[in-house]
file upload37.pdb (PDB, C-alpha atoms (C1' of nucleotides))
ATOM      1  CA  MET A   1     -78.298 -30.339  55.218  1.00  0.00           C
ATOM      2  CA  VAL A   2     -81.723 -28.773  55.460  1.00  0.00           C
ATOM      3  CA  SER A   3     -82.091 -25.975  52.994  1.00  0.00           C
ATOM      4  CA  ARG A   4     -83.253 -22.782  54.569  1.00  0.00           C
ATOM      5  CA  HIS A   5     -85.086 -20.048  52.844  1.00  0.00           C
ATOM      6  CA  TYR A   6     -84.366 -16.364  53.140  1.00  0.00           C
ATOM      7  CA  TRP A   7     -86.754 -13.459  53.365  1.00  0.00           C
ATOM      8  CA  LEU A   8     -87.008  -9.751  53.906  1.00  0.00           C
ATOM      9  CA  MET A   9     -89.733  -8.259  56.074  1.00  0.00           C
ATOM     10  CA  LYS A  10     -90.531  -4.570  56.309  1.00  0.00           C
ATOM     11  CA  SER A  11     -91.619  -2.665  59.345  1.00  0.00           C
ATOM     12  CA  GLU A  12     -91.904   1.002  60.092  1.00  0.00           C
ATOM     13  CA  PRO A  13     -89.646   1.601  63.091  1.00  0.00           C
ATOM     14  CA  SER A  14     -92.134   4.109  64.509  1.00  0.00           C
ATOM     15  CA  THR A  15     -94.598   1.212  64.690  1.00  0.00           C
ATOM     16  CA  PHE A  16     -92.306  -1.735  65.430  1.00  0.00           C
ATOM     17  CA  SER A  17     -88.526  -1.549  65.201  1.00  0.00           C
ATOM     18  CA  ILE A  18     -85.847  -4.199  65.516  1.00  0.00           C
ATOM     19  CA  ASP A  19     -85.191  -2.838  69.016  1.00  0.00           C
ATOM     20  CA  ASP A  20     -88.838  -3.487  69.845  1.00  0.00           C
ATOM     21  CA  LEU A  21     -88.334  -7.052  68.648  1.00  0.00           C
ATOM     22  CA  ALA A  22     -85.228  -7.441  70.817  1.00  0.00           C
ATOM     23  CA  ARG A  23     -87.237  -6.215  73.825  1.00  0.00           C
ATOM     24  CA  SER A  24     -90.282  -8.403  73.152  1.00  0.00           C
ATOM     25  CA  PRO A  25     -91.066 -11.335  75.459  1.00  0.00           C
ATOM     26  CA  GLY A  26     -88.779 -14.157  74.387  1.00  0.00           C
ATOM     27  CA  GLN A  27     -87.448 -11.707  71.764  1.00  0.00           C
ATOM     28  CA  THR A  28     -90.293 -13.032  69.654  1.00  0.00           C
ATOM     29  CA  THR A  29     -93.312 -11.446  68.017  1.00  0.00           C
ATOM     30  CA  SER A  30     -96.185 -12.474  65.786  1.00  0.00           C
ATOM     31  CA  TRP A  31     -96.039 -10.767  62.416  1.00  0.00           C
ATOM     32  CA  ASP A  32     -99.645  -9.666  62.247  1.00  0.00           C
ATOM     33  CA  GLY A  33    -101.328  -7.141  60.014  1.00  0.00           C
ATOM     34  CA  VAL A  34    -100.189  -8.410  56.617  1.00  0.00           C
ATOM     35  CA  ARG A  35    -103.083  -7.728  54.243  1.00  0.00           C
ATOM     36  CA  ASN A  36    -101.587  -8.448  50.881  1.00  0.00           C
ATOM     37  CA  TYR A  37    -102.114 -11.814  49.222  1.00  0.00           C
ATOM     38  CA  GLN A  38     -98.659 -12.130  47.763  1.00  0.00           C
ATOM     39  CA  ALA A  39     -97.030 -11.339  51.096  1.00  0.00           C
ATOM     40  CA  ARG A  40     -99.385 -13.745  52.852  1.00  0.00           C
ATOM     41  CA  ASN A  41     -98.575 -16.498  50.388  1.00  0.00           C
ATOM     42  CA  PHE A  42     -94.865 -16.048  51.010  1.00  0.00           C
ATOM     43  CA  MET A  43     -95.471 -16.343  54.751  1.00  0.00           C
ATOM     44  CA  ARG A  44     -97.386 -19.557  54.153  1.00  0.00           C
ATOM     45  CA  THR A  45     -94.312 -21.103  52.577  1.00  0.00           C
ATOM     46  CA  MET A  46     -92.018 -20.197  55.484  1.00  0.00           C
ATOM     47  CA  ALA A  47     -90.488 -22.916  57.631  1.00  0.00           C
ATOM     48  CA  VAL A  48     -89.113 -22.810  61.156  1.00  0.00           C
ATOM     49  CA  GLY A  49     -85.483 -21.777  60.890  1.00  0.00           C
ATOM     50  CA  ASP A  50     -85.940 -19.613  57.798  1.00  0.00           C
ATOM     51  CA  GLN A  51     -83.856 -16.461  58.059  1.00  0.00           C
ATOM     52  CA  VAL A  52     -85.251 -12.954  57.791  1.00  0.00           C
ATOM     53  CA  LEU A  53     -83.702  -9.606  56.956  1.00  0.00           C
ATOM     54  CA  PHE A  54     -85.400  -7.004  59.121  1.00  0.00           C
ATOM     55  CA  TYR A  55     -85.996  -3.835  57.122  1.00  0.00           C
ATOM     56  CA  HIS A  56     -86.997  -0.412  58.383  1.00  0.00           C
ATOM     57  CA  SER A  57     -89.307   1.320  55.912  1.00  0.00           C
ATOM     58  CA  ASN A  58     -90.400   4.937  56.167  1.00  0.00           C
ATOM     59  CA  ALA A  59     -87.242   5.458  58.141  1.00  0.00           C
ATOM     60  CA  ASP A  60     -84.329   7.851  57.876  1.00  0.00           C
ATOM     61  CA  PRO A  61     -82.644   6.232  56.146  1.00  0.00           C
ATOM     62  CA  PRO A  62     -84.652   3.203  55.053  1.00  0.00           C
ATOM     63  CA  ALA A  63     -82.320   0.288  55.771  1.00  0.00           C
ATOM     64  CA  VAL A  64     -81.789  -3.391  56.449  1.00  0.00           C
ATOM     65  CA  VAL A  65     -81.081  -3.261  60.151  1.00  0.00           C
ATOM     66  CA  GLY A  66     -80.637  -6.837  61.280  1.00  0.00           C
ATOM     67  CA  ILE A  67     -81.696 -10.447  61.292  1.00  0.00           C
ATOM     68  CA  ALA A  68     -84.568 -12.457  62.683  1.00  0.00           C
ATOM     69  CA  GLU A  69     -85.663 -16.019  62.219  1.00  0.00           C
ATOM     70  CA  VAL A  70     -88.942 -17.832  61.790  1.00  0.00           C
ATOM     71  CA  VAL A  71     -89.902 -19.744  64.935  1.00  0.00           C
ATOM     72  CA  ARG A  72     -93.507 -20.603  64.112  1.00  0.00           C
ATOM     73  CA  ILE A  73     -95.073 -21.324  60.737  1.00  0.00           C
ATOM     74  CA  ALA A  74     -98.138 -19.524  59.407  1.00  0.00           C
ATOM     75  CA  TYR A  75    -101.322 -19.555  61.491  1.00  0.00           C
ATOM     76  CA  PRO A  76    -104.419 -17.370  61.464  1.00  0.00           C
ATOM     77  CA  ASP A  77    -103.815 -13.700  62.236  1.00  0.00           C
ATOM     78  CA  SER A  78    -106.096 -12.926  65.184  1.00  0.00           C
ATOM     79  CA  THR A  79    -106.307  -9.217  64.351  1.00  0.00           C
ATOM     80  CA  GLN A  80    -108.476  -9.936  61.308  1.00  0.00           C
ATOM     81  CA  PHE A  81    -111.394 -10.798  63.656  1.00  0.00           C
ATOM     82  CA  ASP A  82    -110.875  -7.935  66.084  1.00  0.00           C
ATOM     83  CA  LYS A  83    -113.302  -5.112  65.285  1.00  0.00           C
ATOM     84  CA  LYS A  84    -111.190  -2.676  67.239  1.00  0.00           C
ATOM     85  CA  ASP A  85    -107.995  -3.527  65.419  1.00  0.00           C
ATOM     86  CA  LYS A  86    -106.715  -1.406  62.586  1.00  0.00           C
ATOM     87  CA  HIS A  87    -106.366  -4.549  60.500  1.00  0.00           C
ATOM     88  CA  TYR A  88    -109.880  -5.863  61.127  1.00  0.00           C
ATOM     89  CA  ASP A  89    -111.278  -7.576  58.033  1.00  0.00           C
ATOM     90  CA  PRO A  90    -115.082  -7.837  58.035  1.00  0.00           C
ATOM     91  CA  ASN A  91    -114.918 -10.241  55.101  1.00  0.00           C
ATOM     92  CA  SER A  92    -112.910 -12.864  56.931  1.00  0.00           C
ATOM     93  CA  LYS A  93    -114.714 -15.665  58.758  1.00  0.00           C
ATOM     94  CA  PRO A  94    -113.175 -17.603  61.673  1.00  0.00           C
ATOM     95  CA  SER A  95    -114.147 -20.809  59.862  1.00  0.00           C
ATOM     96  CA  GLU A  96    -112.147 -19.628  56.864  1.00  0.00           C
ATOM     97  CA  PRO A  97    -109.477 -17.122  57.926  1.00  0.00           C
ATOM     98  CA  LYS A  98    -108.113 -15.050  55.078  1.00  0.00           C
ATOM     99  CA  TRP A  99    -104.956 -13.797  56.736  1.00  0.00           C
ATOM    100  CA  ASP A 100    -102.066 -15.545  58.406  1.00  0.00           C
ATOM    101  CA  MET A 101     -99.075 -14.526  60.466  1.00  0.00           C
ATOM    102  CA  VAL A 102     -95.812 -16.185  61.467  1.00  0.00           C
ATOM    103  CA  ASP A 103     -93.736 -15.741  64.614  1.00  0.00           C
ATOM    104  CA  ILE A 104     -90.237 -14.384  64.274  1.00  0.00           C
ATOM    105  CA  LYS A 105     -87.452 -14.146  66.785  1.00  0.00           C
ATOM    106  CA  TYR A 106     -84.671 -11.607  67.100  1.00  0.00           C
ATOM    107  CA  VAL A 107     -81.237 -12.860  66.044  1.00  0.00           C
ATOM    108  CA  ARG A 108     -79.134  -9.722  65.908  1.00  0.00           C
ATOM    109  CA  ALA A 109     -79.046  -6.086  64.903  1.00  0.00           C
ATOM    110  CA  PHE A 110     -76.317  -4.925  62.534  1.00  0.00           C
ATOM    111  CA  SER A 111     -73.872  -2.487  64.057  1.00  0.00           C
ATOM    112  CA  ASN A 112     -73.916  -0.794  60.664  1.00  0.00           C
ATOM    113  CA  PRO A 113     -77.395  -0.782  59.114  1.00  0.00           C
ATOM    114  CA  LEU A 114     -77.341  -1.124  55.342  1.00  0.00           C
ATOM    115  CA  ALA A 115     -79.089   1.888  53.871  1.00  0.00           C
ATOM    116  CA  LEU A 116     -81.357   1.420  50.886  1.00  0.00           C
ATOM    117  CA  ASP A 117     -79.276   3.919  48.978  1.00  0.00           C
ATOM    118  CA  ASP A 118     -76.115   1.852  49.384  1.00  0.00           C
ATOM    119  CA  LEU A 119     -77.877  -1.368  48.463  1.00  0.00           C
ATOM    120  CA  ARG A 120     -79.060   0.258  45.254  1.00  0.00           C
ATOM    121  CA  ARG A 121     -75.509   1.053  44.266  1.00  0.00           C
ATOM    122  CA  ASP A 122     -74.375  -2.550  44.673  1.00  0.00           C
ATOM    123  CA  PRO A 123     -74.334  -4.415  41.356  1.00  0.00           C
ATOM    124  CA  LYS A 124     -74.540  -7.754  43.172  1.00  0.00           C
ATOM    125  CA  LEU A 125     -77.961  -6.816  44.496  1.00  0.00           C
ATOM    126  CA  LYS A 126     -79.423  -5.514  41.273  1.00  0.00           C
ATOM    127  CA  ALA A 127     -82.080  -8.234  41.132  1.00  0.00           C
ATOM    128  CA  MET A 128     -83.304  -7.842  44.708  1.00  0.00           C
ATOM    129  CA  VAL A 129     -87.079  -7.557  44.968  1.00  0.00           C
ATOM    130  CA  LEU A 130     -86.596  -4.707  47.435  1.00  0.00           C
ATOM    131  CA  LEU A 131     -84.828  -2.634  44.795  1.00  0.00           C
ATOM    132  CA  LYS A 132     -87.275  -3.182  41.966  1.00  0.00           C
ATOM    133  CA  LYS A 133     -89.087  -0.080  40.891  1.00  0.00           C
ATOM    134  CA  GLY A 134     -92.460   0.298  42.539  1.00  0.00           C
ATOM    135  CA  SER A 135     -91.933  -2.752  44.717  1.00  0.00           C
ATOM    136  CA  ARG A 136     -94.055  -2.463  47.841  1.00  0.00           C
ATOM    137  CA  LEU A 137     -94.187  -6.044  49.025  1.00  0.00           C
ATOM    138  CA  SER A 138     -93.797  -6.137  52.795  1.00  0.00           C
ATOM    139  CA  VAL A 139     -92.743  -9.785  52.821  1.00  0.00           C
ATOM    140  CA  GLN A 140     -90.437 -10.865  50.038  1.00  0.00           C
ATOM    141  CA  PRO A 141     -88.003 -13.635  49.141  1.00  0.00           C
ATOM    142  CA  VAL A 142     -84.238 -13.111  49.212  1.00  0.00           C
ATOM    143  CA  THR A 143     -81.876 -15.404  47.314  1.00  0.00           C
ATOM    144  CA  LEU A 144     -79.038 -17.222  49.048  1.00  0.00           C
ATOM    145  CA  GLY A 145     -76.559 -15.116  47.078  1.00  0.00           C
ATOM    146  CA  GLU A 146     -78.222 -11.877  48.166  1.00  0.00           C
ATOM    147  CA  TRP A 147     -78.386 -13.089  51.741  1.00  0.00           C
ATOM    148  CA  GLN A 148     -74.707 -13.964  51.839  1.00  0.00           C
ATOM    149  CA  HIS A 149     -73.678 -10.730  50.208  1.00  0.00           C
ATOM    150  CA  ILE A 150     -75.731  -8.647  52.628  1.00  0.00           C
ATOM    151  CA  LEU A 151     -74.258 -10.454  55.623  1.00  0.00           C
ATOM    152  CA  HIS A 152     -70.828  -9.790  54.174  1.00  0.00           C
ATOM    153  CA  LEU A 153     -71.635  -6.082  53.776  1.00  0.00           C
ATOM    154  CA  ALA A 154     -72.925  -5.929  57.339  1.00  0.00           C
ATOM    155  CA  LYS A 155     -69.485  -6.869  58.656  1.00  0.00           C
ATOM    156  CA  HIS A 156     -67.934  -3.667  57.403  1.00  0.00           C
TER     157      HIS A 156
ATOM    158  C1'  DG B   1     -96.349  16.407  52.985  1.00  0.00           C
ATOM    159  C1'  DC B   2     -96.136  14.948  48.143  1.00  0.00           C
ATOM    160  C1'  DC B   3     -96.996  11.705  44.877  1.00  0.00           C
ATOM    161  C1'  DA B   4     -95.832   7.525  41.860  1.00  0.00           C
ATOM    162  C1'  DA B   5     -96.781   2.885  41.821  1.00  0.00           C
ATOM    163  C1'  DC B   6     -99.536  -0.582  42.970  1.00  0.00           C
ATOM    164  C1'  DG B   7    -103.636  -3.395  44.793  1.00  0.00           C
ATOM    165  C1'  DT B   8    -108.525  -3.679  45.588  1.00  0.00           C
ATOM    166  C1'  DT B   9    -113.308  -2.594  44.983  1.00  0.00           C
ATOM    167  C1'  DG B  10    -117.504  -2.219  42.719  1.00  0.00           C
ATOM    168  C1'  DG B  11    -120.500  -0.371  38.961  1.00  0.00           C
ATOM    169  C1'  DC B  12    -121.632  -1.590  34.605  1.00  0.00           C
TER     170       DC B  12
ATOM    171  C1'  DG C   1    -114.368  -8.994  32.664  1.00  0.00           C
ATOM    172  C1'  DC C   2    -113.244  -4.099  32.160  1.00  0.00           C
ATOM    173  C1'  DC C   3    -111.684  -0.148  34.271  1.00  0.00           C
ATOM    174  C1'  DA C   4    -112.370   4.186  37.061  1.00  0.00           C
ATOM    175  C1'  DA C   5    -112.112   5.408  41.631  1.00  0.00           C
ATOM    176  C1'  DC C   6    -110.176   4.850  45.723  1.00  0.00           C
ATOM    177  C1'  DG C   7    -106.868   3.438  49.401  1.00  0.00           C
ATOM    178  C1'  DT C   8    -102.189   2.217  50.692  1.00  0.00           C
ATOM    179  C1'  DT C   9     -97.205   1.979  50.553  1.00  0.00           C
ATOM    180  C1'  DG C  10     -93.063   4.028  51.093  1.00  0.00           C
ATOM    181  C1'  DG C  11     -89.194   6.843  49.079  1.00  0.00           C
ATOM    182  C1'  DC C  12     -88.083  11.385  48.766  1.00  0.00           C
TER     183       DC C  12
END
call {"tool": "encode", "arguments": {"input": "upload37.pdb", "output": "structure tokens"}}
result
Amino acid sequence: MVSRHYWLMKSEPSTFSIDDLARSPGQTTSWDGVRNYQARNFMRTMAVGDQVLFYHSNADPPAVVGIAEVVRIAYPDSTQFDKKDKHYDPNSKPSEPKWDMVDIKYVRAFSNPLALDDLRRDPKLKAMVLLKKGSRLSVQPVTLGEWQHILHLAKH
DNA sequence: GCCAACGTTGGC
DNA sequence: GCCAACGTTGGC
């Protein structure tokens, strides 16, 4: 069996929510705008079929709200060359793009979103990157154990 | 809106 | 290569 990898990706719902993803053409979107090297490097290791926890940050409450999956591996983020884009990077050359994006596709939204507060209280999730103090990574790895436990929680 | 934590930039 | 200043993230 092919081993999948698991991830968590953050988005502010006021900018792009899981409902926006579900309504996107083909229920798919390109994850542009990542401007952090660590997050970019994680995206570069993603494979088609990798599973993603969709997280709403700056939300009330902040929560894991559903699942998406990777449908296209990392390729240059076009917004880095667009002067009018908020994420324009004058230091990036088309011959040597600094920033990548992946495409993700909607899988499902949880009927009961898992609030950050509840995740924090769960001893099984103590080691989650999301819950580490000061952690701001917008793209982060999730272990198989964490993934399975979160899916289990989402059923209740 | 506040602010702690973190990442990046640039002067030296 | 250090580190102060600045900008951003994101919970509260």
call {"tool": "interface_residues", "arguments": {"input": "upload37.pdb", "of": "chain A", "to": "chain B", "cutoff": "12 Å", "atoms": "all atoms listed in the file", "output": "list in words"}}
result
Arg35, Asn36, Tyr37, Gln38, Lys132, Lys133, Gly134, Ser135, Arg136 and Leu137 of chain A
call {"tool": "atom_distance", "arguments": {"input": "upload37.pdb", "atom1": "atom CA of Ala47 of chain A", "atom2": "atom CA of Ser138 of chain A"}}
result
17.8 Å
call {"tool": "atom_distance", "arguments": {"input": "upload37.pdb", "atom1": "atom CA of Arg44 of chain A", "atom2": "atom CA of Ser78 of chain A"}}
result
15.5 Å
call {"tool": "atom_distance", "arguments": {"input": "upload37.pdb", "atom1": "atom CA of Lys86 of chain A", "atom2": "atom CA of Phe16 of chain A"}}
result
14.7 Å
call {"tool": "residues_around", "arguments": {"input": "upload37.pdb", "residues": "segment 140-150 of chain A", "least_positions_apart": "5", "cutoff": "8 Å", "atoms": "all atoms listed in the file", "output": "number ranges by chain"}}
result
A: 5-9, 39, 42, 124-125, 128-130
call {"tool": "write_last_selection", "arguments": {"input": "upload37.pdb", "atoms": "C-alpha atoms", "output": "PDB file, keeping the file's coordinate frame"}}
result
ATOM      1  CA  HIS A   5     -85.086 -20.048  52.844  1.00  0.00           C
ATOM      2  CA  TYR A   6     -84.366 -16.364  53.140  1.00  0.00           C
ATOM      3  CA  TRP A   7     -86.754 -13.459  53.365  1.00  0.00           C
ATOM      4  CA  LEU A   8     -87.008  -9.751  53.906  1.00  0.00           C
ATOM      5  CA  MET A   9     -89.733  -8.259  56.074  1.00  0.00           C
ATOM      6  CA  ALA A  39     -97.030 -11.339  51.096  1.00  0.00           C
ATOM      7  CA  PHE A  42     -94.865 -16.048  51.010  1.00  0.00           C
ATOM      8  CA  LYS A 124     -74.540  -7.754  43.172  1.00  0.00           C
ATOM      9  CA  LEU A 125     -77.961  -6.816  44.496  1.00  0.00           C
ATOM     10  CA  MET A 128     -83.304  -7.842  44.708  1.00  0.00           C
ATOM     11  CA  VAL A 129     -87.079  -7.557  44.968  1.00  0.00           C
ATOM     12  CA  LEU A 130     -86.596  -4.707  47.435  1.00  0.00           C
TER      13      LEU A 130
END
call {"tool": "residues_around", "arguments": {"input": "upload37.pdb", "residues": "Ser14 of chain A", "least_positions_apart": "4", "cutoff": "12 Å", "atoms": "only C-alpha atoms (C1' of nucleotides)", "output": "PyMOL selection string"}}
result
chain A and resi 18-20+56-60
